[in-house]
$ cat target.txt   # compact mmCIF, C-alpha atoms
# COMPACT_ATOMS: atom_id res chain seq x y z
CA MET A 1 -127.23 79.30 19.26
CA LEU A 2 -129.00 76.62 21.26
CA ASN A 3 -131.83 77.82 23.39
CA HIS A 4 -132.69 75.24 26.03
CA LYS A 5 -135.66 75.72 28.31
CA LEU A 6 -136.27 74.67 31.89
CA ASN A 7 -139.19 72.50 32.87
CA PRO A 8 -139.03 72.00 36.67
CA ASN A 9 -142.13 69.78 36.67
CA ASN A 10 -140.09 67.03 35.01
CA TRP A 11 -136.88 67.38 37.02
CA ILE A 12 -137.56 64.59 39.53
CA LYS A 13 -138.72 62.17 36.87
CA LEU A 14 -135.90 62.88 34.43
CA TYR A 15 -132.88 63.75 36.52
CA SER A 16 -133.23 62.51 40.12
CA ASP A 17 -131.60 59.13 39.46
CA TYR A 18 -128.86 60.68 37.36
CA LEU A 19 -128.07 63.32 39.99
CA PHE A 20 -128.27 60.72 42.73
CA ASN A 21 -125.79 58.51 40.95
CA TYR A 22 -123.47 61.48 40.42
CA THR A 23 -123.69 62.43 44.09
CA ILE A 24 -123.50 59.03 45.77
CA THR A 25 -120.14 58.27 44.13
CA ARG A 26 -118.82 61.51 45.63
CA VAL A 27 -120.33 61.60 49.10
CA ASN A 28 -120.91 57.89 49.74
CA ASP A 29 -123.99 58.42 51.91
CA ARG A 30 -127.55 57.99 50.64
CA GLU A 31 -129.14 60.51 53.04
CA ILE A 32 -126.58 63.21 52.35
CA ALA A 33 -126.88 62.57 48.62
CA GLN A 34 -130.65 63.01 48.79
CA ASP A 35 -130.33 66.22 50.79
CA LEU A 36 -127.86 67.59 48.27
CA ILE A 37 -130.16 66.72 45.37
CA SER A 38 -133.12 68.29 47.10
CA ASP A 39 -131.05 71.46 47.71
CA THR A 40 -129.98 71.41 44.07
CA PHE A 41 -133.56 71.29 42.78
CA LEU A 42 -134.60 74.05 45.16
CA SER A 43 -131.65 76.24 44.16
CA GLY A 44 -132.45 75.54 40.52
CA LEU A 45 -135.98 76.68 41.11
CA LYS A 46 -134.84 79.87 42.86
CA SER A 47 -132.31 80.73 40.16
CA LYS A 48 -134.56 79.73 37.28
CA MET A 49 -134.55 83.28 35.94
CA GLU A 50 -130.76 83.22 35.62
CA PHE A 51 -130.82 80.28 33.22
CA LYS A 52 -129.63 81.53 29.84
CA GLY A 53 -130.49 78.46 27.79
CA GLN A 54 -126.90 77.88 26.66
CA ALA A 55 -126.57 74.51 28.39
CA CYS A 56 -129.12 71.73 28.62
CA GLU A 57 -131.18 71.36 31.79
CA ARG A 58 -129.18 68.38 33.07
CA THR A 59 -125.81 70.12 32.62
CA TRP A 60 -127.14 73.20 34.37
CA LEU A 61 -128.45 71.15 37.31
CA ILE A 62 -125.14 69.26 37.55
CA SER A 63 -123.26 72.55 37.77
CA ILE A 64 -125.46 73.58 40.71
CA LEU A 65 -125.02 70.16 42.29
CA LYS A 66 -121.21 70.41 42.00
CA ARG A 67 -121.29 73.62 44.03
CA LYS A 68 -123.50 71.92 46.62
CA ILE A 69 -121.05 69.02 46.94
CA ILE A 70 -118.12 71.43 47.24
CA ASP A 71 -120.00 73.31 49.99
CA HIS A 72 -120.69 69.99 51.72
CA TYR A 73 -116.98 69.10 51.77
CA ARG A 74 -116.03 72.61 52.85
CA LYS A 75 -118.44 72.29 55.75
CA ILE A 76 -116.98 68.93 56.79
CA ASN A 77 -113.47 70.26 56.35
CA SER A 78 -114.12 73.28 58.52
CA ASN A 79 -115.67 71.10 61.20
CA LYS A 80 -113.05 68.43 61.74
CA GLY A 81 -109.48 67.43 61.03
CA LYS A 82 -108.89 69.67 58.04
CA ALA A 83 -105.08 69.57 58.27
CA GLU A 84 -105.01 65.77 58.24
CA VAL A 85 -107.41 65.51 55.35
CA ARG A 86 -105.45 68.00 53.27
CA MET A 87 -102.09 66.35 53.96
CA SER A 88 -103.22 62.87 53.12
CA TYR A 89 -104.81 64.13 49.94
CA PHE A 90 -101.68 65.89 48.69
CA ASP A 91 -99.50 62.92 49.58
CA ASP A 92 -101.09 61.05 46.72
CA ASN A 93 -101.69 63.87 44.27
CA GLU A 94 -99.31 66.63 43.39
CA SER A 95 -101.61 69.28 42.13
CA ASP A 96 -102.25 72.99 42.40
CA LYS A 97 -106.00 72.59 42.23
CA SER A 98 -108.10 72.83 45.34
CA TRP A 99 -108.54 69.35 46.85
CA ILE A 100 -112.28 69.90 47.12
CA GLU A 101 -112.58 70.89 43.48
CA GLU A 102 -110.69 67.78 42.46
CA ARG A 103 -112.70 65.54 44.74
CA VAL A 104 -115.88 66.79 43.15
CA ALA A 105 -114.55 66.71 39.62
CA ASP A 106 -112.94 63.29 39.84
CA SER A 107 -113.59 60.87 42.64
CA SER A 108 -111.68 57.97 41.11
CA SER A 109 -108.53 57.25 39.17
CA GLN A 110 -110.28 56.43 35.92
CA THR A 111 -108.89 57.63 32.61
CA ALA A 112 -110.98 59.89 30.40
CA GLU A 113 -111.76 56.92 28.16
CA ASP A 114 -112.87 54.79 31.10
CA LYS A 115 -115.10 57.59 32.30
CA ILE A 116 -116.80 57.99 28.95
CA GLU A 117 -117.33 54.24 28.69
CA ASN A 118 -118.64 54.05 32.24
CA SER A 119 -120.98 56.97 31.71
CA GLU A 120 -122.32 55.40 28.49
CA LEU A 121 -122.73 52.10 30.30
CA LYS A 122 -124.67 53.78 33.11
CA ASP A 123 -126.93 55.49 30.57
CA ALA A 124 -127.56 52.15 28.85
CA ILE A 125 -128.40 50.52 32.21
CA TYR A 126 -130.71 53.42 33.17
CA ASN A 127 -132.53 53.16 29.86
CA CYS A 128 -132.90 49.39 30.07
CA ILE A 129 -134.10 49.42 33.68
CA ASN A 130 -136.58 52.17 32.85
CA LYS A 131 -138.11 49.89 30.22
CA LEU A 132 -138.90 47.19 32.81
CA PRO A 133 -142.35 46.96 34.40
CA GLN A 134 -142.40 49.07 37.58
CA LYS A 135 -142.62 46.15 40.02
CA GLN A 136 -139.81 44.23 38.34
CA ALA A 137 -137.60 47.30 38.23
CA ARG A 138 -138.24 48.03 41.89
CA ILE A 139 -137.42 44.49 43.05
CA PHE A 140 -134.38 44.29 40.79
CA LYS A 141 -133.02 47.60 42.13
CA MET A 142 -133.64 46.56 45.73
CA LYS A 143 -131.87 43.24 45.25
CA THR A 144 -129.09 44.12 42.82
CA ILE A 145 -128.28 47.78 43.29
CA ILE A 146 -129.08 48.38 46.95
CA GLY A 147 -128.23 44.81 47.99
CA TYR A 148 -131.26 44.03 50.19
CA ASP A 149 -131.62 40.38 51.18
CA THR A 150 -134.62 38.43 49.89
CA GLU A 151 -136.36 38.39 53.28
CA THR A 152 -136.25 42.19 53.58
CA ILE A 153 -137.78 42.58 50.11
CA CYS A 154 -140.50 40.05 50.97
CA ASN A 155 -141.36 41.93 54.17
CA GLU A 156 -141.25 45.35 52.60
CA LEU A 157 -143.36 44.48 49.57
CA ASN A 158 -145.44 41.79 51.25
CA ILE A 159 -144.68 39.13 48.64
CA THR A 160 -143.30 35.59 48.81
CA SER A 161 -139.68 34.70 48.22
CA SER A 162 -140.56 32.70 45.08
CA ASN A 163 -142.34 35.76 43.72
CA VAL A 164 -139.19 37.84 44.34
CA TRP A 165 -137.09 35.32 42.40
CA VAL A 166 -139.57 35.17 39.53
CA GLN A 167 -139.50 38.97 39.23
CA ILE A 168 -135.71 39.01 39.43
CA HIS A 169 -135.43 36.30 36.81
CA ARG A 170 -137.71 38.19 34.41
CA ALA A 171 -135.87 41.45 35.04
CA ARG A 172 -132.48 39.82 34.43
CA VAL A 173 -133.59 38.20 31.18
CA SER A 174 -135.06 41.49 29.89
CA LEU A 175 -132.00 43.46 30.95
CA SER A 176 -129.61 40.99 29.37
CA ARG A 177 -131.53 41.23 26.13
CA CYS A 178 -131.73 45.02 26.26
CA LEU A 179 -128.05 45.48 27.13
CA LYS A 180 -127.02 43.00 24.50
CA LYS A 181 -128.78 45.17 21.98
CA HIS A 182 -127.46 48.49 23.28
CA TRP A 183 -124.19 47.69 25.00
CA PHE A 184 -122.58 44.23 24.78
CA LYS A 185 -120.25 44.00 21.86
CA THR A 186 -120.11 40.22 21.69
CA MET B 1 -130.50 9.91 43.73
CA LYS B 2 -130.81 10.53 40.00
CA LYS B 3 -133.66 12.91 40.68
CA ASN B 4 -131.54 14.87 43.16
CA ILE B 5 -128.51 15.33 40.94
CA PHE B 6 -130.18 16.06 37.63
CA ILE B 7 -132.14 19.29 37.66
CA SER B 8 -134.51 20.81 35.12
CA PHE B 9 -133.59 23.85 33.03
CA GLU B 10 -136.03 25.95 35.07
CA GLU B 11 -134.35 24.90 38.31
CA ALA B 12 -130.92 25.51 36.80
CA LYS B 13 -131.93 29.07 35.88
CA HIS B 14 -133.26 29.66 39.38
CA ILE B 15 -130.02 28.41 40.95
CA CYS B 16 -127.99 30.49 38.53
CA ASP B 17 -130.01 33.61 39.50
CA LYS B 18 -129.50 32.88 43.20
CA ASN B 19 -125.80 32.34 42.57
CA GLN B 20 -125.48 35.89 41.19
CA TYR B 21 -126.30 37.13 44.69
CA GLY B 22 -124.23 34.51 46.50
CA GLU B 23 -127.38 32.78 47.72
CA ALA B 24 -126.99 29.36 46.05
CA THR B 25 -125.95 26.59 48.43
CA PHE B 26 -122.91 24.40 47.81
CA TRP B 27 -125.13 21.48 46.78
CA GLU B 28 -127.11 23.70 44.38
CA ARG B 29 -123.88 24.86 42.75
CA ILE B 30 -122.79 21.25 42.29
CA LYS B 31 -126.11 20.44 40.62
CA LEU B 32 -125.75 23.49 38.37
CA SER B 33 -122.21 22.42 37.38
CA ILE B 34 -123.46 18.97 36.45
CA ARG B 35 -126.18 20.53 34.31
CA HIS B 36 -123.55 22.81 32.69
CA SER B 37 -121.54 19.76 31.66
CA TRP B 38 -124.21 18.52 29.28
CA CYS B 39 -126.67 21.39 28.61
CA MET B 40 -125.64 24.09 26.18
CA LEU B 41 -128.73 26.18 26.95
CA THR B 42 -127.87 26.28 30.65
CA ARG B 43 -124.30 27.28 29.84
CA LYS B 44 -125.58 30.05 27.58
CA TYR B 45 -128.02 31.27 30.23
CA SER B 46 -125.29 31.29 32.89
CA LYS B 47 -122.88 33.10 30.59
CA ASN B 48 -125.40 35.88 29.92
CA ASN B 49 -126.34 36.06 33.57
CA ASN B 50 -122.71 36.31 34.73
CA GLN B 51 -122.05 38.94 32.09
CA LEU B 52 -124.98 41.01 33.36
CA THR B 53 -123.72 40.80 36.95
CA LYS B 54 -120.21 41.84 35.91
CA ILE B 55 -121.41 44.77 33.86
CA ILE B 56 -123.69 46.09 36.60
CA ASP B 57 -120.90 45.77 39.17
CA LYS B 58 -118.51 47.53 36.82
CA SER B 59 -120.90 50.42 36.21
CA ASN B 60 -121.35 51.27 39.91
CA VAL B 61 -124.82 52.40 38.94
CA ASN B 62 -127.05 53.61 41.75
CA PHE B 63 -130.74 54.44 42.00
CA LEU B 64 -133.09 56.17 44.35
CA MET B 65 -135.56 53.81 45.97
CA LEU B 66 -139.23 54.48 45.40
CA ASN B 67 -139.78 55.88 48.91
CA GLU B 68 -136.70 58.10 48.57
CA ARG B 69 -137.92 59.39 45.23
CA GLU B 70 -141.41 60.01 46.63
CA LYS B 71 -139.92 62.00 49.52
CA LEU B 72 -137.88 64.07 47.08
CA GLN B 73 -140.94 64.57 44.89
CA GLN B 74 -143.02 65.70 47.85
CA GLN B 75 -140.39 68.21 49.05
CA PHE B 76 -139.98 69.55 45.55
CA GLU B 77 -143.71 69.87 44.89
CA GLU B 78 -144.12 71.87 48.08
CA ALA B 79 -141.30 74.18 47.01
CA LEU B 80 -142.70 74.40 43.50
CA SER B 81 -146.16 75.40 44.70
CA LYS B 82 -144.66 78.05 47.00
CA HIS B 83 -142.56 79.31 44.12
CA GLN B 84 -145.55 79.57 41.81
CA GLU B 85 -147.68 81.46 44.35
$ encode --input "target.txt" --output "structure tokens"
Amino acid sequence: MLNHKLNPNNWIKLYSDYLFNYTITRVNDREIAQDLISDTFLSGLKSKMEFKGQACERTWLISILKRKIIDHYRKINSNKGKAEVRMSYFDDNESDKSWIEERVADSSSQTAEDKIENSELKDAIYNCINKLPQKQARIFKMKTIIGYDTETICNELNITSSNVWVQIHRARVSLSRCLKKHWFKT
Amino acid sequence: MKKNIFISFEEAKHICDKNQYGEATFWERIKLSIRHSWCMLTRKYSKNNNQLTKIIDKSNVNFLMLNEREKLQQQFEEALSKHQE
């Protein structure tokens, strides 16, 4: 039997981006996603003694996070327009499962195969971005993932626009190379 | 005129990068197209660059920004130290 161990000191470094990505696709709000992740880590810490070592750390944290997201939707649902939300949900999906459970389990209409491929792709992108120098990775994420304009990045990091483009160019070349090795099939 | 229409490989790469974010001007895109018509290296660079953009868009990948991660780290460290007391 597998006997996984918890190491909370590494949680932020190892899992914060993964949990964030999992959450943001389900709640669509960066602040709420961060609050939910923070709650998840704190709950994980509190219930550390209950961890039996049967699942890996990440799976265990995801299971806590799922409950947090469900609670978040329950809270919203109890606050406003629950009847309308429920009706519109069941119009599209004939299912016996709780709408909240389904929302958390599956926020899109992807097939199982698509999901596996997408999850592998995300892992490959995470790994490749993590290999970039810190400054390059930061600028690339700001520009490509968050969608900041060049001027905002220049102001925030106090660098020139040509410096931004140089860093982006280097990051893109490295990423292309890395993904070609680990992901692209052509 | 010749100087304006024909761009170097370095400039072509820069325009191609800008184009991935919709920041290349119409005139820059024209110059890039002209370069594409005769430079295989530029075409190859653009192909790889477009492929990268597509794959990142497709993945819907998302990251915490450094300040967001630092905030999370700080909150968690406080909780961790309380927990260990």
$ atom_distance --input "target.txt" --atom1 "atom CA of A:Leu65" --atom2 "atom CA of A:Asp39"
8.2 Å
$ interface_residues --input "target.txt" --of "chain A" --to "chain B" --cutoff "6 Å" --atoms "only C-alpha atoms" --output "list in words"
Asp17, Asn21, Asn118 and Lys122 of chain A
$ atom_distance --input "target.txt" --atom1 "atom CA of B:Leu32" --atom2 "atom CA of B:Lys44"
12.6 Å
$ closest_residue --input "target.txt" --among "A:Lys180, A:Lys48, A:Lys5, A:Lys13" --to "A:Leu121" --atoms "only C-alpha atoms"
A:Lys180
$ axis_aligned_box --input "target.txt" --around "stretch 36-47 of chain B" --padding-each-side "4 Å" --output "JSON"
{"center_x": -125.1, "center_y": 25.8, "center_z": 29.5, "size_x": 15.2, "size_y": 22.6, "size_z": 14.7}
$ atom_distance --input "target.txt" --atom1 "atom CA of A:Tyr15" --atom2 "atom CA of A:Ala124"
14.9 Å
$ residues_around --input "target.txt" --residues "B:Ser81" --least-positions-apart "5" --cutoff "12 Å" --atoms "only C-alpha atoms" --output "VMD selection string"
(chain A and resid 8 to 9 42 45) or (chain B and resid 74 to 76)
$ closest_residue --input "target.txt" --among "A:Lys52, A:Arg26, A:Ser119, A:Met142" --to "A:Ile70" --atoms "all atoms listed in the file"
A:Arg26
$ residues_around --input "target.txt" --residues "B:Trp27" --least-positions-apart "6" --cutoff "10 Å" --atoms "all atoms listed in the file" --output "list in words"
Asn4, Ile5 and Ser33 of chain B
$ residues_near_point --input "target.txt" --point "(-124.0, 62.1, 45.6)" --cutoff "8 Å" --atoms "all atoms listed in the file" --output "VMD selection string"
chain A and resid 19 to 30 32 to 34 36 to 37 69
$ build_atoms --input "target.txt" --residues "stretch 59-74 of chain A" --atoms "N, CA, C and O atoms" --output "PDB file, keeping the file's coordinate frame"
ATOM      1  N   THR A  59    -127.142  69.541  32.407  1.00  0.00           N
ATOM      2  CA  THR A  59    -125.810  70.120  32.620  1.00  0.00           C
ATOM      3  C   THR A  59    -125.898  71.266  33.631  1.00  0.00           C
ATOM      4  O   THR A  59    -125.039  71.422  34.509  1.00  0.00           O
ATOM      5  N   TRP A  60    -126.946  72.054  33.480  1.00  0.00           N
ATOM      6  CA  TRP A  60    -127.140  73.200  34.370  1.00  0.00           C
ATOM      7  C   TRP A  60    -127.364  72.716  35.816  1.00  0.00           C
ATOM      8  O   TRP A  60    -126.771  73.243  36.760  1.00  0.00           O
ATOM      9  N   LEU A  61    -128.195  71.692  35.968  1.00  0.00           N
ATOM     10  CA  LEU A  61    -128.450  71.150  37.310  1.00  0.00           C
ATOM     11  C   LEU A  61    -127.181  70.526  37.907  1.00  0.00           C
ATOM     12  O   LEU A  61    -126.903  70.676  39.094  1.00  0.00           O
ATOM     13  N   ILE A  62    -126.401  69.860  37.067  1.00  0.00           N
ATOM     14  CA  ILE A  62    -125.140  69.260  37.550  1.00  0.00           C
ATOM     15  C   ILE A  62    -124.193  70.354  38.037  1.00  0.00           C
ATOM     16  O   ILE A  62    -123.511  70.186  39.054  1.00  0.00           O
ATOM     17  N   SER A  63    -124.175  71.484  37.331  1.00  0.00           N
ATOM     18  CA  SER A  63    -123.260  72.550  37.770  1.00  0.00           C
ATOM     19  C   SER A  63    -123.683  73.103  39.135  1.00  0.00           C
ATOM     20  O   SER A  63    -122.845  73.432  39.968  1.00  0.00           O
ATOM     21  N   ILE A  64    -124.988  73.159  39.382  1.00  0.00           N
ATOM     22  CA  ILE A  64    -125.460  73.580  40.710  1.00  0.00           C
ATOM     23  C   ILE A  64    -125.091  72.519  41.750  1.00  0.00           C
ATOM     24  O   ILE A  64    -124.585  72.833  42.830  1.00  0.00           O
ATOM     25  N   LEU A  65    -125.312  71.264  41.377  1.00  0.00           N
ATOM     26  CA  LEU A  65    -125.020  70.160  42.290  1.00  0.00           C
ATOM     27  C   LEU A  65    -123.532  70.127  42.686  1.00  0.00           C
ATOM     28  O   LEU A  65    -123.187  69.904  43.844  1.00  0.00           O
ATOM     29  N   LYS A  66    -122.656  70.387  41.707  1.00  0.00           N
ATOM     30  CA  LYS A  66    -121.210  70.410  42.000  1.00  0.00           C
ATOM     31  C   LYS A  66    -120.906  71.405  43.098  1.00  0.00           C
ATOM     32  O   LYS A  66    -120.125  71.127  44.012  1.00  0.00           O
ATOM     33  N   ARG A  67    -121.520  72.585  43.004  1.00  0.00           N
ATOM     34  CA  ARG A  67    -121.290  73.620  44.030  1.00  0.00           C
ATOM     35  C   ARG A  67    -121.798  73.135  45.393  1.00  0.00           C
ATOM     36  O   ARG A  67    -121.190  73.375  46.427  1.00  0.00           O
ATOM     37  N   LYS A  68    -122.919  72.439  45.366  1.00  0.00           N
ATOM     38  CA  LYS A  68    -123.500  71.920  46.620  1.00  0.00           C
ATOM     39  C   LYS A  68    -122.547  70.896  47.263  1.00  0.00           C
ATOM     40  O   LYS A  68    -122.373  70.876  48.473  1.00  0.00           O
ATOM     41  N   ILE A  69    -121.966  70.047  46.407  1.00  0.00           N
ATOM     42  CA  ILE A  69    -121.050  69.020  46.940  1.00  0.00           C
ATOM     43  C   ILE A  69    -119.787  69.688  47.488  1.00  0.00           C
ATOM     44  O   ILE A  69    -119.277  69.317  48.549  1.00  0.00           O
ATOM     45  N   ILE A  70    -119.305  70.690  46.760  1.00  0.00           N
ATOM     46  CA  ILE A  70    -118.120  71.430  47.240  1.00  0.00           C
ATOM     47  C   ILE A  70    -118.430  72.057  48.609  1.00  0.00           C
ATOM     48  O   ILE A  70    -117.649  71.948  49.553  1.00  0.00           O
ATOM     49  N   ASP A  71    -119.604  72.687  48.711  1.00  0.00           N
ATOM     50  CA  ASP A  71    -120.000  73.310  49.990  1.00  0.00           C
ATOM     51  C   ASP A  71    -120.075  72.253  51.095  1.00  0.00           C
ATOM     52  O   ASP A  71    -119.675  72.511  52.223  1.00  0.00           O
ATOM     53  N   HIS A  72    -120.579  71.069  50.733  1.00  0.00           N
ATOM     54  CA  HIS A  72    -120.690  69.990  51.720  1.00  0.00           C
ATOM     55  C   HIS A  72    -119.303  69.616  52.246  1.00  0.00           C
ATOM     56  O   HIS A  72    -119.103  69.484  53.459  1.00  0.00           O
ATOM     57  N   TYR A  73    -118.334  69.456  51.333  1.00  0.00           N
ATOM     58  CA  TYR A  73    -116.980  69.100  51.770  1.00  0.00           C
ATOM     59  C   TYR A  73    -116.316  70.235  52.543  1.00  0.00           C
ATOM     60  O   TYR A  73    -115.580  69.998  53.496  1.00  0.00           O
ATOM     61  N   ARG A  74    -116.594  71.454  52.124  1.00  0.00           N
ATOM     62  CA  ARG A  74    -116.030  72.610  52.850  1.00  0.00           C
ATOM     63  C   ARG A  74    -116.530  72.599  54.290  1.00  0.00           C
ATOM     64  O   ARG A  74    -115.777  72.850  55.223  1.00  0.00           O
TER      65      ARG A  74
END
